[in-house]
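Structure first, then comments.
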Number of protein chains: 2
Amino acid sequence: MSDSQKFPVAAHALAYLAHKEAFSPDRAVASAELAASVPTNPVVVRRVTAMLGKAGLIGARAGANGGAWLLKPAQDITLDTVLRAVHGCANLGTAPPGVKGCPVGARIPDAVRAALIAADAAAAERLSLISVADLLADPAERDAVLKSA
Amino acid sequence: MSDSQKFPVAAHALAYLAHKEAFSPDRAVASAELAASVPTNPVVVRRVTAMLGKAGLIGARAGANGGAWLLKPAQDITLDTVLRAVHGCANLGTAPPGVKGCPVGARIPDAVRAALIAADAAAAERLSLISVADLLADPAERDAVLKSA
DNA sequence: GGAACTGTATCGGTAGCGATTACGTAATAG
DNA sequence: CTATTACGTAATCGCTACCGATACAGTTCC
């Protein structure tokens, strides 16, 4: 696992869809337009939107006038859902295997692993307080939401 | 930034030092011994312990019978301090630059960036509740500490 | 003086990611 | 019905970052 840009791209794409009020198939936004806004390559966007689609966050349709649209109101999509949709996690490293046989050398890795999981859970919990709609709010209002931890 | 193992190695090393009761220079533990416990290469350990030393968490001495020792009680070293000492962070990606000129395309990246920072802060805050001493406690007691979020 | 150990520089191997190209499928426009 | 648009996926390329290993200078103890 690693330093992936999937989560930032996903968050940006969802916010863009909300800004464009793409709430139904007839208002679908093409991957090329989303890619131009990030900016990145259309294929990178489609890789992400495909995962968001499997998570039930957005719909997508091929063909002319096709593209992606939101399946839920922007304020109902929290960022922890987005993070899980793209299989992201707070990456602080992986606990080492430790030395077999040594009692303490075997217990420390489990404890470190538990700490890493706790940190990841805390990050996800923090993201659950932020919605896609919050990403479009004015900076002042957005910071107010971000600080109400 | 990336998928570094520095933080897990640092946490393991500090826990090992606490277990060995290395609280003064005359009880210093060599990098080779720490490396055998992780397990990893002695140089990898020294790269990490050098950073921990600059952060004031441990002392180190070269020469025969040299090595590293703790400068503070294990229960006074919290894992967020360790994370910062090795320049780690919850790696959820980097906010995209966005498109210049478009007002919304320029504001979304700032909002995404703020969300990433908030998540990182939440992870660090969670780690601040865990000490190196907690890593050595029994699994039952350790989980009790981890759940008292 | 010799042995042990740290801190740092450097090199090779490896893994992961983004960007790009390409292709099959689907859906609309004319 | 055909051309066009657009998604989803696979394959490839170049890049970057990390770990592991070797080497070496400086430091400390016997």
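Naming scheme: A, B, ... for chains in displayed order of the structure tokens; residues 1 onward per chain; ligands 1 onward as shown.
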Using only C-alpha atoms (C1' of nucleotides), find each residue of chain B with at least one atom at most 8 Å away from an atom of chain C; report its shortest atom-to-atom pair and that distance in Å (one decimal), sort the rows by chain and rising residue number, and return the result as a Markdown table.
```
| residue | atom | partner | partner_atom | distance |
| --- | --- | --- | --- | --- |
| B:Ala30 | CA | C:DC5 | C1' | 7.3 |
| B:Arg46 | CA | C:DG7 | C1' | 7.6 |
| B:Ala50 | CA | C:DG7 | C1' | 7.6 |
| B:Ala60 | CA | C:DT6 | C1' | 7.8 |
| B:Arg61 | CA | C:DT6 | C1' | 6.7 |
| B:Ala62 | CA | C:DT6 | C1' | 4.6 |
| B:Gly63 | CA | C:DC5 | C1' | 4.5 |
| B:Ala64 | CA | C:DA4 | C1' | 4.1 |
| B:Asn65 | CA | C:DA4 | C1' | 6.9 |
| B:Gly66 | CA | C:DC5 | C1' | 5.8 |
| B:Gly67 | CA | C:DC5 | C1' | 6.9 |
```
Just want the 7 Å neighbourhood of Val112 (chain A), counted on only C-alpha atoms (C1' of nucleotides), with same-chain residues fewer than 6 positions away dropped. Output as an mmCIF file with all heavy atoms, in the first residue's frame.
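Final file, around38.cif:
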```cif
data_model
loop_
_atom_site.group_PDB
_atom_site.id
_atom_site.type_symbol
_atom_site.label_atom_id
_atom_site.label_comp_id
_atom_site.auth_asym_id
_atom_site.auth_seq_id
_atom_site.Cartn_x
_atom_site.Cartn_y
_atom_site.Cartn_z
ATOM 1 N N ALA A 95 3.331 -3.083 10.505
ATOM 2 C CA ALA A 95 4.058 -3.581 11.661
ATOM 3 C C ALA A 95 5.013 -4.685 11.239
ATOM 4 O O ALA A 95 4.670 -5.521 10.409
ATOM 5 C CB ALA A 95 3.075 -4.096 12.707
ATOM 6 N N PRO B 8 6.837 2.252 12.324
ATOM 7 C CA PRO B 8 6.773 0.959 13.001
ATOM 8 C C PRO B 8 8.111 0.537 13.593
ATOM 9 O O PRO B 8 8.162 0.032 14.727
ATOM 10 C CB PRO B 8 6.328 0.005 11.884
ATOM 11 C CG PRO B 8 5.649 0.860 10.886
ATOM 12 C CD PRO B 8 6.322 2.190 10.958
ATOM 13 N N ALA B 11 8.783 2.608 16.743
ATOM 14 C CA ALA B 11 7.963 2.182 17.876
ATOM 15 C C ALA B 11 8.486 0.874 18.455
ATOM 16 O O ALA B 11 8.582 0.710 19.677
ATOM 17 C CB ALA B 11 6.503 2.025 17.427
ATOM 18 N N LEU B 135 2.742 -0.279 24.831
ATOM 19 C CA LEU B 135 3.067 -1.309 23.847
ATOM 20 C C LEU B 135 3.579 -2.579 24.516
ATOM 21 O O LEU B 135 3.554 -3.652 23.919
ATOM 22 C CB LEU B 135 4.130 -0.789 22.868
ATOM 23 C CG LEU B 135 3.722 0.402 21.996
ATOM 24 C CD1 LEU B 135 4.877 0.811 21.102
ATOM 25 C CD2 LEU B 135 2.500 0.066 21.160
#
```
Neighbouring residues of Lys147 (chain B) were defined as those with any atom within 12 Å, considering only C-alpha atoms (C1' of nucleotides); residues of the same chain fewer than 3 positions away were excluded. Please report them as a CSV table (one decimal) with all heavy atoms, in the first residue's frame.
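The new file around15.csv reads:
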```csv
chain,number,residue,atom,x,y,z
A,114,ALA,N,-1.9,-2.8,16.5
A,114,ALA,CA,-3.1,-2.3,17.1
A,114,ALA,C,-3.1,-0.8,17.1
A,114,ALA,O,-4.1,-0.1,16.8
A,114,ALA,CB,-3.2,-2.8,18.5
A,115,ALA,N,-1.9,-0.2,17.3
A,115,ALA,CA,-1.8,1.3,17.3
A,115,ALA,C,-2.0,1.8,15.9
A,115,ALA,O,-2.7,2.8,15.8
A,115,ALA,CB,-0.4,1.7,17.9
A,117,ILE,N,-3.8,0.5,13.6
A,117,ILE,CA,-5.2,0.4,13.3
A,117,ILE,C,-6.0,1.5,14.0
A,117,ILE,O,-6.9,2.1,13.4
A,117,ILE,CB,-5.7,-1.0,13.7
A,117,ILE,CG1,-5.1,-2.1,12.8
A,117,ILE,CG2,-7.3,-1.1,13.6
A,117,ILE,CD1,-5.4,-3.5,13.2
A,118,ALA,N,-5.7,1.7,15.3
A,118,ALA,CA,-6.4,2.8,16.0
A,118,ALA,C,-6.2,4.1,15.3
A,118,ALA,O,-7.2,4.9,15.2
A,118,ALA,CB,-5.8,2.8,17.4
A,119,ALA,N,-5.0,4.4,14.8
A,119,ALA,CA,-4.8,5.7,14.2
A,119,ALA,C,-5.6,5.8,12.9
A,119,ALA,O,-6.2,6.8,12.6
A,119,ALA,CB,-3.3,5.9,13.9
A,121,ALA,N,-8.4,4.3,12.2
A,121,ALA,CA,-9.8,4.4,12.6
A,121,ALA,C,-10.1,5.9,13.0
A,121,ALA,O,-11.1,6.4,12.6
A,121,ALA,CB,-10.1,3.5,13.7
A,122,ALA,N,-9.1,6.5,13.7
A,122,ALA,CA,-9.4,7.9,14.1
A,122,ALA,C,-9.4,8.8,12.9
A,122,ALA,O,-10.2,9.7,12.9
A,122,ALA,CB,-8.2,8.3,15.1
B,126,ARG,N,-4.9,10.6,18.1
B,126,ARG,CA,-5.2,9.3,18.6
B,126,ARG,C,-3.9,8.6,19.2
B,126,ARG,O,-3.9,8.0,20.2
B,126,ARG,CB,-5.8,8.4,17.5
B,126,ARG,CG,-6.2,7.0,18.0
B,126,ARG,CD,-7.4,7.2,18.9
B,126,ARG,NE,-7.7,5.9,19.5
B,126,ARG,CZ,-7.1,5.4,20.6
B,126,ARG,NH1,-6.1,6.1,21.1
B,126,ARG,NH2,-7.4,4.2,21.1
B,127,LEU,N,-2.8,8.8,18.4
B,127,LEU,CA,-1.5,8.2,18.8
B,127,LEU,C,-1.0,8.9,20.1
B,127,LEU,O,-0.2,8.3,20.8
B,127,LEU,CB,-0.5,8.4,17.7
B,127,LEU,CG,-0.7,7.5,16.5
B,127,LEU,CD1,0.3,7.8,15.4
B,127,LEU,CD2,-0.8,6.0,16.9
B,129,LEU,N,-2.5,9.3,22.7
B,129,LEU,CA,-3.1,8.7,23.8
B,129,LEU,C,-2.4,7.3,24.1
B,129,LEU,O,-2.7,6.7,25.1
B,129,LEU,CB,-4.6,8.4,23.6
B,129,LEU,CG,-5.4,9.7,23.3
B,129,LEU,CD1,-6.8,9.3,23.0
B,129,LEU,CD2,-5.3,10.6,24.5
B,130,ILE,N,-1.4,7.0,23.3
B,130,ILE,CA,-0.7,5.7,23.5
B,130,ILE,C,0.7,6.0,23.8
B,130,ILE,O,1.4,6.8,23.1
B,130,ILE,CB,-0.8,4.8,22.2
B,130,ILE,CG1,-2.3,4.8,21.7
B,130,ILE,CG2,-0.3,3.4,22.5
B,130,ILE,CD1,-2.5,4.0,20.4
B,140,ALA,N,-4.7,-7.6,26.9
B,140,ALA,CA,-6.0,-7.2,27.5
B,140,ALA,C,-5.9,-5.8,28.0
B,140,ALA,O,-6.8,-4.9,27.6
B,140,ALA,CB,-6.4,-8.1,28.7
B,141,GLU,N,-4.8,-5.5,28.7
B,141,GLU,CA,-4.7,-4.1,29.2
B,141,GLU,C,-4.4,-3.1,28.1
B,141,GLU,O,-4.9,-2.0,28.1
B,141,GLU,CB,-3.5,-4.1,30.2
B,141,GLU,CG,-3.4,-2.8,31.0
B,141,GLU,CD,-2.3,-2.8,32.0
B,141,GLU,OE1,-1.8,-4.0,32.3
B,141,GLU,OE2,-1.8,-1.8,32.4
B,142,ARG,N,-3.7,-3.6,27.1
B,142,ARG,CA,-3.4,-2.7,26.0
B,142,ARG,C,-4.6,-2.3,25.2
B,142,ARG,O,-4.9,-1.2,24.9
B,142,ARG,CB,-2.4,-3.4,25.0
B,142,ARG,CG,-2.0,-2.6,23.9
B,142,ARG,CD,-2.2,-3.4,22.6
B,142,ARG,NE,-1.5,-4.7,22.6
B,142,ARG,CZ,-1.9,-5.7,21.8
B,142,ARG,NH1,-2.9,-5.6,21.0
B,142,ARG,NH2,-1.2,-6.8,21.9
B,143,ASP,N,-5.5,-3.3,25.0
B,143,ASP,CA,-6.7,-3.0,24.3
B,143,ASP,C,-7.6,-2.1,25.1
B,143,ASP,O,-8.3,-1.3,24.5
B,143,ASP,CB,-7.5,-4.3,24.0
B,143,ASP,CG,-6.8,-5.1,22.9
B,143,ASP,OD1,-5.8,-4.6,22.3
B,143,ASP,OD2,-7.1,-6.3,22.6
B,144,ALA,N,-7.6,-2.2,26.4
B,144,ALA,CA,-8.3,-1.3,27.2
B,144,ALA,C,-7.9,0.2,27.0
B,144,ALA,O,-8.7,1.1,26.8
B,144,ALA,CB,-8.2,-1.7,28.7
```
Which one is closest to chain A: B:Ser131, B:Leu17, B:Pro39, B:His87? Count only C-alpha atoms.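 For chain A, the nearest of the given residues is B:Pro39.
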Counting only C-alpha atoms (C1' of nucleotides), collect the residues of chain D whose closest atom lies at most 6 Å from chain B, and write them out as a ChimeraX atom specification. /D:27-29
Mind the document's chain letters and residue numbers, and return as a list in words the residues of chain B that DSSP labels strand (DSSP E or B). Val29, Ile58, Gly59, Ala60, Arg61, Gly67, Ala68, Trp69, Leu70, Thr78, Asn91 and Ser131 of chain B
Could the residues in this selection be written to a file with C-alpha atoms, as a tab-separated table (two decimals), in the first residue's frame?
```tsv
chain	number	residue	atom	x	y	z
B	29	VAL	CA	21.62	-1.46	23.40
B	58	ILE	CA	16.93	8.69	23.09
B	59	GLY	CA	20.64	9.04	23.65
B	60	ALA	CA	23.32	7.21	21.71
B	61	ARG	CA	26.99	6.64	22.12
B	67	GLY	CA	24.34	1.94	21.62
B	68	ALA	CA	21.07	3.65	22.38
B	69	TRP	CA	19.06	4.25	25.56
B	70	LEU	CA	15.89	6.06	26.55
B	78	THR	CA	3.67	9.09	23.29
B	91	ASN	CA	-0.64	9.26	4.08
B	131	SER	CA	2.66	5.52	25.17
```
